[in-house]
Amino acid sequence: MSLKEKVEGFLLEGLKENPKLFLINWTISPANHIEVIIDGDEGVKVEDCISISRSIEHNLDREEEDFSLQVMSAGVSEGLSHIRQYKKNIGRKLSVKTNEETVEGELISVTDESVLLRWKAREPKPVGKGKVTVTKEASLCFEDIQEAKVMITF
């Protein structure tokens, strides 16, 4: 069994033990540097990273494999890539880039196929001078989304 197969098995076992956590990505470099990125429905605590790290590290034999291991949570600068990440960010402001446009708005809902964003915009009045504030919505299919990030506001 290869190192990759071993790590994958131990990683999946560790995630089964805590179903609120989910895998974003993991890689093994040619130098056997293992990097695991996780997220959670209620965020990720240091203890969660330690738990996943232990589920991998304690089951690999350093006599057989020379490796380094890093387990981390998905950072804010990372884009959203998993439907569970979208669901946990309902109510927050997102910037979503598609092939045609970039939309910034509050994440209202998430389905298996799409997200719904809502925002306010200033537009010219239909009659007369001046502008009026209108509420706009856009439903964006996951297959059209190139990048989605949570916008941090202070």
# chains A, B, ... in the order shown; residues from 1 in each chain; ligands from 1
$ closest_atom_pairs --of "segment 9-88 of chain A" --to "segment 93-96 of chain A" --cutoff "12 Å" --atoms "only C-alpha atoms" --output "JSON lines"
{"residue": "A:Val76", "atom": "CA", "partner": "A:Leu94", "partner_atom": "CA", "distance": 11.3}
{"residue": "A:Ser77", "atom": "CA", "partner": "A:Ser95", "partner_atom": "CA", "distance": 11.8}
{"residue": "A:Gly79", "atom": "CA", "partner": "A:Val96", "partner_atom": "CA", "distance": 9.5}
{"residue": "A:Leu80", "atom": "CA", "partner": "A:Val96", "partner_atom": "CA", "distance": 9.5}
{"residue": "A:Ser81", "atom": "CA", "partner": "A:Val96", "partner_atom": "CA", "distance": 11.6}
{"residue": "A:Gln85", "atom": "CA", "partner": "A:Leu94", "partner_atom": "CA", "distance": 11.8}
{"residue": "A:Tyr86", "atom": "CA", "partner": "A:Leu94", "partner_atom": "CA", "distance": 9.5}
$ write_last_selection --atoms "C-alpha atoms" --output "PDB file, in the first residue's frame"
ATOM      1  CA  VAL A  76     -10.387  33.458   4.801  1.00  0.00           C
ATOM      2  CA  SER A  77      -8.142  34.175   1.826  1.00  0.00           C
ATOM      3  CA  GLY A  79     -12.040  30.715  -1.707  1.00  0.00           C
ATOM      4  CA  LEU A  80     -15.142  28.696  -0.924  1.00  0.00           C
ATOM      5  CA  SER A  81     -14.984  25.341  -2.680  1.00  0.00           C
ATOM      6  CA  GLN A  85     -18.680  26.126   3.286  1.00  0.00           C
ATOM      7  CA  TYR A  86     -21.394  28.077   1.496  1.00  0.00           C
TER       8      TYR A  86
END
$ residues_around --residues "Ser73 of chain A" --least-positions-apart "3" --cutoff "8 Å" --atoms "only C-alpha atoms" --output "PyMOL selection string"
chain A and resi 37-39+44+49
$ select_by_dssp --residues "chain A" --states "strand (DSSP E)" --output "JSON, numbers by chain"
{"A": [21, 22, 23, 24, 25, 26, 27, 28, 33, 34, 35, 36, 37, 38, 39, 40, 68, 69, 70, 71, 72, 73, 93, 94, 95, 96, 97, 98, 102, 103, 104, 105, 106, 107, 108, 109, 110, 114, 115, 116, 117, 118, 119, 120, 121, 122, 123, 124, 131, 132, 133, 134, 135, 136, 137, 138, 139, 140, 141, 145, 146, 147, 148, 149, 150]}
$ select_by_dssp --residues "segment 2-153 of chain A" --states "helix (DSSP H, G or I)" --output "MDAnalysis selection string"
chainID A and resid 3:17 46:57 83:88 142:144
$ closest_residue --among "A:Asn59, A:Thr102, A:Ser139, A:Thr133" --to "Arg118 of chain A" --atoms "only C-alpha atoms"
A:Ser139
$ residues_around --residues "segment 120-126 of chain A" --least-positions-apart "3" --cutoff "10 Å" --atoms "only C-alpha atoms" --output "list of chain:residue names"
A:Glu104, A:Gly105, A:Glu106, A:Lys129, A:Gly130, A:Lys131, A:Val132, A:Thr133, A:Val134, A:Thr135, A:Lys136, A:Glu137
$ closest_residue --among "A:Glu143, A:Glu35, A:Glu101, A:Asp41" --to "Glu113 of chain A" --atoms "only C-alpha atoms"
A:Glu143
$ residues_around --residues "Ile108 of chain A" --least-positions-apart "3" --cutoff "7 Å" --atoms "only C-alpha atoms" --output "list in words"
Ile90, Gly91, Leu116, Leu117 and Arg118 of chain A
$ decode --residues "segment 25-38 of chain A" --atoms "N, CA and C atoms" --output "PDB file, in the first residue's frame"
ATOM      1  N   ASN A  25      -9.005  19.972   0.992  1.00  0.00           N
ATOM      2  CA  ASN A  25      -7.974  19.506   0.070  1.00  0.00           C
ATOM      3  C   ASN A  25      -6.856  18.840   0.862  1.00  0.00           C
ATOM      4  N   TRP A  26      -6.119  17.975   0.206  1.00  0.00           N
ATOM      5  CA  TRP A  26      -4.923  17.421   0.809  1.00  0.00           C
ATOM      6  C   TRP A  26      -3.961  17.011  -0.297  1.00  0.00           C
ATOM      7  N   THR A  27      -2.672  17.145  -0.004  1.00  0.00           N
ATOM      8  CA  THR A  27      -1.640  16.826  -0.991  1.00  0.00           C
ATOM      9  C   THR A  27      -0.461  16.156  -0.302  1.00  0.00           C
ATOM     10  N   ILE A  28       0.301  15.445  -1.108  1.00  0.00           N
ATOM     11  CA  ILE A  28       1.589  14.902  -0.664  1.00  0.00           C
ATOM     12  C   ILE A  28       2.608  15.320  -1.704  1.00  0.00           C
ATOM     13  N   SER A  29       3.639  16.026  -1.271  1.00  0.00           N
ATOM     14  CA  SER A  29       4.685  16.466  -2.193  1.00  0.00           C
ATOM     15  C   SER A  29       5.623  15.295  -2.491  1.00  0.00           C
ATOM     16  N   PRO A  30       6.476  15.434  -3.509  1.00  0.00           N
ATOM     17  CA  PRO A  30       7.458  14.383  -3.791  1.00  0.00           C
ATOM     18  C   PRO A  30       8.400  14.119  -2.605  1.00  0.00           C
ATOM     19  N   ALA A  31       8.564  15.115  -1.729  1.00  0.00           N
ATOM     20  CA  ALA A  31       9.426  14.954  -0.552  1.00  0.00           C
ATOM     21  C   ALA A  31       8.633  14.422   0.656  1.00  0.00           C
ATOM     22  N   ASN A  32       7.414  13.907   0.416  1.00  0.00           N
ATOM     23  CA  ASN A  32       6.538  13.362   1.457  1.00  0.00           C
ATOM     24  C   ASN A  32       6.091  14.396   2.489  1.00  0.00           C
ATOM     25  N   HIS A  33       5.906  15.633   2.055  1.00  0.00           N
ATOM     26  CA  HIS A  33       5.294  16.644   2.921  1.00  0.00           C
ATOM     27  C   HIS A  33       3.784  16.533   2.717  1.00  0.00           C
ATOM     28  N   ILE A  34       3.084  16.153   3.777  1.00  0.00           N
ATOM     29  CA  ILE A  34       1.630  15.961   3.728  1.00  0.00           C
ATOM     30  C   ILE A  34       0.973  17.239   4.231  1.00  0.00           C
ATOM     31  N   GLU A  35       0.085  17.806   3.413  1.00  0.00           N
ATOM     32  CA  GLU A  35      -0.626  19.024   3.801  1.00  0.00           C
ATOM     33  C   GLU A  35      -2.122  18.747   3.697  1.00  0.00           C
ATOM     34  N   VAL A  36      -2.841  18.992   4.790  1.00  0.00           N
ATOM     35  CA  VAL A  36      -4.278  18.731   4.862  1.00  0.00           C
ATOM     36  C   VAL A  36      -4.985  20.032   5.231  1.00  0.00           C
ATOM     37  N   ILE A  37      -6.016  20.384   4.454  1.00  0.00           N
ATOM     38  CA  ILE A  37      -6.820  21.571   4.753  1.00  0.00           C
ATOM     39  C   ILE A  37      -8.239  21.099   5.050  1.00  0.00           C
ATOM     40  N   ILE A  38      -8.729  21.447   6.248  1.00  0.00           N
ATOM     41  CA  ILE A  38     -10.071  21.043   6.671  1.00  0.00           C
ATOM     42  C   ILE A  38     -10.916  22.275   6.990  1.00  0.00           C
TER      43      ILE A  38
END
